[in-house]
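Student: Okay, handing you the structure first.
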Amino acid sequence: MNNKNNFLKQLQKIVAVVFMICLFVVKVNAQVKSTLPNIVYILADDLGYGDVFANNPESKINTPNIDKLAAQGMRFTDAHTTSSVCTPSRYSIMTGSYPWRSRLPIGVLRGYSRTLINPQQQTIANLLKTKAYQTGVVGKWHLGLDWVLKDAFKDSINPNYNKDNMYGIRDEMNPTQINFDKAPTAGPLSQGFDYSYILPASLDMPPYCYLENDQLTELPTGFTPGNKLESGYTGPFWRPGLMSPSFDFVNVLPTFTNKAIAFIQKQEKSKNPYFLYFPMPAPHTPWMPIDKYKGKSKAGEYGDYVMMVDDAVGAVLKILDSLGMSKNTLVLFASDNGPYWRENFVAEFNHKSAGEFRGMKGDAFEGGHRVPFIVRYPGKVKAGSVSNAPTTLANLMATCAELIGNNAPEFITADSYSILPILTGKATIVKDQPAIINSSSKGFLNIKKDNWKLITKLGSGGFSAPVEITPKPGEPIGQLYNLATDINEQHNVYDQYPEKVKELTSLLEKIKSTPANQKIKIQE
């Protein structure tokens, strides 16, 4: 009997100790989580630096909500995408790596493309999940889905017949070969997201359908002949192709905005922090503002659509305020590249969508990749502050790693550097960042260090004419600009500063040759 009593007493002590340990762990975890902010990343699609009134007082578009965000946080004047077009730019946001390290160094995916992010590659969502973040993506994905092929076509992705693993990457998959009854085998859920509600690619690329948690919400059994195909990729333009019968182009942005709000509302009672990636499908074509916004700007359909985008930003900020989440939420706002705004539109509306910068979407010039970038974090980021530090959207990975205190080697990339010290006022430049690099839609690389910018070829390398110029004997083979004195990139001084060309060319090659998971070492 005594042995039994002693055993019970010992067991009670053990249970009590275990309980206290568990309680301590829970309290520590709760304290850790309470110090971690929610993160909301709002990404506009093809929004120009000069569209935002806070960046450009001459803008013909009112953007009160984006301006308010800037007044409450830090506005960057020298922020860049890593590519002047959609897919590669988004690849860098998700992975922290320059896009030329991927399987698709030049160009964009389409709606029937396979996933660009390799299974072993870490993403920003994977990083944040290490600290119990609930992760969600709502909006335009454009990083590929591993659609399931019909049995008769499975050899298309068989390694024996697809040795370079480029089917569905270099060219999109044939939709007649896809089994839409089955969910894609890879997409946002396989890349770290707990929840997803997405459009496969741009709003002008088929298939026109939604996928929720990698499942089609409605099969794309309908077909659209396209719209305004003669418009030159402007206005209410979209390509012909498959679509879900109930798909409504006009209501895509409102649908995504409501889904983003619903995701935030769902987190209200959660003890875990959350990460919402909200890549809007606008103001990319089709420019289709709902009636409420038509004629409200002084920049045509495009300007009206930008105002609709601004209101979507406002709706997200409003729900954060109403739920009392704003104080502990880091909000980032950016665009995936410059605007598709041709010179004839500049003349017609007297509106410079890219601001004072030369070029537009796709180009190696500043207008192709210098974008609006605003960060708000109450109590940590000084309201109304402005940073002139050069930075890229690839820096999200390193910034979040420092923010949450995870320095694990699997999340370190050669191309991502933390801007947290800048945000908190402890630094004015991005520490250790050797330079910033951008690739144009045609694969022209440009590298910028300090005020010097080198473009490896002649021409825009994108959508502005002339796209590519073959140098004549004795002419410079590339472009060099001193942005301190020539922000408009009008005076090519490539031949005048051969040492600067050599320096930047050498640095570019050094960065390119550095493994993706190692930091470049620069000898001073």
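Residue numbering restarts at 1 for every chain of the structure tokens, chains are lettered A, B, ... in their displayed order, and ligands are numbered from 1 as they appear.
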Write out as a VMD selection string the residues lying within 12 Å of Ile106 (chain A), counting only C-alpha atoms and excluding same-chain residues fewer than 6 positions away.

Tutor: chain A and resid 82 to 89 98 to 100 169 to 171 362 438 to 445 461 to 462

Student: Might you pull out every residue within 7 Å of region 130-145 of chain A, with only C-alpha atoms counted and same-chain residues fewer than 3 positions away left off, and present them as a PyMOL selection string?

Tutor: chain A and resi 87+91+109+113-116+125-127+184+186-187+193-202+256+259-260+272-281

Student: I need the chosen residues saved as an mmCIF file, in the first residue's frame, with C-alpha atoms.

Tutor:
```cif
data_model
loop_
_atom_site.group_PDB
_atom_site.id
_atom_site.type_symbol
_atom_site.label_atom_id
_atom_site.label_comp_id
_atom_site.auth_asym_id
_atom_site.auth_seq_id
_atom_site.Cartn_x
_atom_site.Cartn_y
_atom_site.Cartn_z
ATOM 1 C CA THR A 87 6.596 36.904 -63.445
ATOM 2 C CA TYR A 91 9.654 35.429 -58.336
ATOM 3 C CA LEU A 109 4.801 32.646 -67.679
ATOM 4 C CA SER A 113 2.459 27.427 -67.335
ATOM 5 C CA ARG A 114 3.968 25.118 -64.748
ATOM 6 C CA THR A 115 5.290 26.453 -61.464
ATOM 7 C CA LEU A 116 8.537 28.385 -61.692
ATOM 8 C CA ALA A 125 5.751 32.154 -46.811
ATOM 9 C CA ASN A 126 7.958 29.228 -45.744
ATOM 10 C CA LEU A 127 10.118 31.625 -43.735
ATOM 11 C CA PRO A 184 -2.863 21.200 -59.853
ATOM 12 C CA ALA A 186 1.848 22.414 -57.155
ATOM 13 C CA GLY A 187 0.952 26.034 -56.534
ATOM 14 C CA PHE A 193 0.690 29.332 -48.125
ATOM 15 C CA ASP A 194 -2.048 28.050 -45.823
ATOM 16 C CA TYR A 195 -4.759 29.714 -47.881
ATOM 17 C CA SER A 196 -4.960 30.899 -51.466
ATOM 18 C CA TYR A 197 -7.555 32.442 -53.747
ATOM 19 C CA ILE A 198 -5.926 33.243 -57.056
ATOM 20 C CA LEU A 199 -6.107 34.027 -60.737
ATOM 21 C CA PRO A 200 -3.500 31.876 -62.561
ATOM 22 C CA ALA A 201 -1.859 34.756 -64.442
ATOM 23 C CA SER A 202 -2.678 38.266 -65.675
ATOM 24 C CA PHE A 256 -10.094 39.805 -54.600
ATOM 25 C CA LYS A 259 -11.400 37.873 -50.181
ATOM 26 C CA ALA A 260 -8.398 39.742 -48.759
ATOM 27 C CA ASN A 272 -0.799 33.670 -34.277
ATOM 28 C CA PRO A 273 0.445 36.495 -36.480
ATOM 29 C CA TYR A 274 -0.481 36.396 -40.159
ATOM 30 C CA PHE A 275 1.011 37.215 -43.532
ATOM 31 C CA LEU A 276 -1.283 38.311 -46.346
ATOM 32 C CA TYR A 277 0.179 38.663 -49.822
ATOM 33 C CA PHE A 278 -2.344 40.648 -51.865
ATOM 34 C CA PRO A 279 -1.120 40.881 -55.493
ATOM 35 C CA MET A 280 -3.868 42.863 -57.174
ATOM 36 C CA PRO A 281 -4.596 42.236 -60.882
#
```

Student: I'd like the contact shell of Cys209 (chain A) - 10 Å cut-off, only C-alpha atoms, skipping same-chain residues fewer than 4 positions apart - returned as a PyMOL selection string.

Tutor: chain A and resi 111+198-201+203+216-221+242-249+252

Student: Those residues with C-alpha atoms, as a PDB file, in the first residue's frame please?

Tutor:
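So the final result, stored in result03.pdb, reads:
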```pdb
ATOM      1  CA  GLY A 111      -1.925  30.900 -67.468  1.00  0.00           C
ATOM      2  CA  ILE A 198      -5.926  33.243 -57.056  1.00  0.00           C
ATOM      3  CA  LEU A 199      -6.107  34.027 -60.737  1.00  0.00           C
ATOM      4  CA  PRO A 200      -3.500  31.876 -62.561  1.00  0.00           C
ATOM      5  CA  ALA A 201      -1.859  34.756 -64.442  1.00  0.00           C
ATOM      6  CA  LEU A 203      -6.283  39.298 -66.172  1.00  0.00           C
ATOM      7  CA  LEU A 216     -10.737  25.359 -59.364  1.00  0.00           C
ATOM      8  CA  THR A 217     -13.878  27.016 -58.028  1.00  0.00           C
ATOM      9  CA  GLU A 218     -15.534  26.418 -61.406  1.00  0.00           C
ATOM     10  CA  LEU A 219     -14.263  24.480 -64.411  1.00  0.00           C
ATOM     11  CA  PRO A 220     -13.175  26.602 -67.404  1.00  0.00           C
ATOM     12  CA  THR A 221     -15.749  25.117 -69.749  1.00  0.00           C
ATOM     13  CA  LEU A 242     -11.001  29.278 -71.892  1.00  0.00           C
ATOM     14  CA  MET A 243     -12.972  30.769 -69.032  1.00  0.00           C
ATOM     15  CA  SER A 244     -15.305  29.705 -66.262  1.00  0.00           C
ATOM     16  CA  PRO A 245     -18.901  30.381 -67.343  1.00  0.00           C
ATOM     17  CA  SER A 246     -19.593  32.816 -64.509  1.00  0.00           C
ATOM     18  CA  PHE A 247     -16.270  34.686 -64.743  1.00  0.00           C
ATOM     19  CA  ASP A 248     -16.780  38.462 -64.778  1.00  0.00           C
ATOM     20  CA  PHE A 249     -13.783  40.587 -65.763  1.00  0.00           C
ATOM     21  CA  VAL A 252     -12.236  40.591 -60.413  1.00  0.00           C
TER      22      VAL A 252
END
```

Student: Tell me which of A:Val371, A:Val493, A:Leu323, A:Ala435 sits closest to Leu507 (chain A), counting only C-alpha atoms.

Tutor: A:Ala435

Student: Would you return as a ChimeraX atom specification the members of region 337-375 of chain A that DSSP assigns to helix (DSSP H, G or I) on this structure's backbone?

Tutor: /A:343-349,366-369

Student: Pull C-alpha atoms from the residues just selected and write them as an mmCIF file, in the first residue's frame.

Tutor:
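The file below, part_2.cif, is the result:
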```
data_model
loop_
_atom_site.group_PDB
_atom_site.id
_atom_site.type_symbol
_atom_site.label_atom_id
_atom_site.label_comp_id
_atom_site.auth_asym_id
_atom_site.auth_seq_id
_atom_site.Cartn_x
_atom_site.Cartn_y
_atom_site.Cartn_z
ATOM 1 C CA GLU A 343 4.299 58.279 -75.222
ATOM 2 C CA ASN A 344 1.038 58.963 -77.046
ATOM 3 C CA PHE A 345 -0.800 58.627 -73.717
ATOM 4 C CA VAL A 346 1.633 61.034 -72.082
ATOM 5 C CA ALA A 347 0.824 63.544 -74.799
ATOM 6 C CA GLU A 348 -2.943 62.895 -74.793
ATOM 7 C CA PHE A 349 -3.489 63.192 -71.042
ATOM 8 C CA GLU A 366 14.220 53.687 -64.843
ATOM 9 C CA GLY A 367 10.564 53.961 -65.831
ATOM 10 C CA GLY A 368 10.486 50.197 -66.317
ATOM 11 C CA HIS A 369 11.555 49.233 -62.834
#
```

Student: Closest to Lys318 (chain A) among A:Ala282, A:Leu458, A:Gln265, A:Gly50, using only C-alpha atoms?

Tutor: A:Gln265

Student: Within 7 Å of Pro225 (chain A), counting only C-alpha atoms, which residues qualify if same-chain residues fewer than 2 places away don't, as a compact mmCIF listing (two decimals) with C-alpha atoms, in the first residue's frame?

Tutor:
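The resulting part.txt:
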```
# COMPACT_ATOMS: atom_id res chain seq x y z
CA PHE A 223 -14.75 30.40 -74.01
CA ASN A 227 -11.78 41.78 -76.30
CA PRO A 240 -9.17 34.76 -76.35
CA GLY A 241 -9.30 31.52 -74.42
```

Student: Could you list, as a PyMOL selection string, every residue within 8 Å of Ile290 (chain A), counting only C-alpha atoms and ignoring same-chain residues fewer than 2 positions away?

Tutor: chain A and resi 250-251+288+292-294

Student: With distances taken over only C-alpha atoms, which of A:His491, A:Lys154, A:Lys512, A:Lys60 is nearest to Pro105 (chain A)?

Tutor: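 Distance minimum relative to Pro105 (chain A) lands on A:Lys512.
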
Student: From the list A:Met397, A:Asn492, A:Met74, A:Ala354, which residue is nearest Glu410 (chain A) when using only C-alpha atoms?

Tutor: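 Selected residue with least distance to Glu410 (chain A): A:Met397.
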
Student: Among region 168-363 of chain A, which ones does DSSP place in strand (DSSP E), written as JSON, numbers by chain?

Tutor: {"A": [195, 196, 197, 198, 199, 211, 212, 215, 216, 222, 223, 224, 241, 242, 243, 274, 275, 276, 277, 278, 279, 329, 330, 331, 332, 333, 334, 335]}
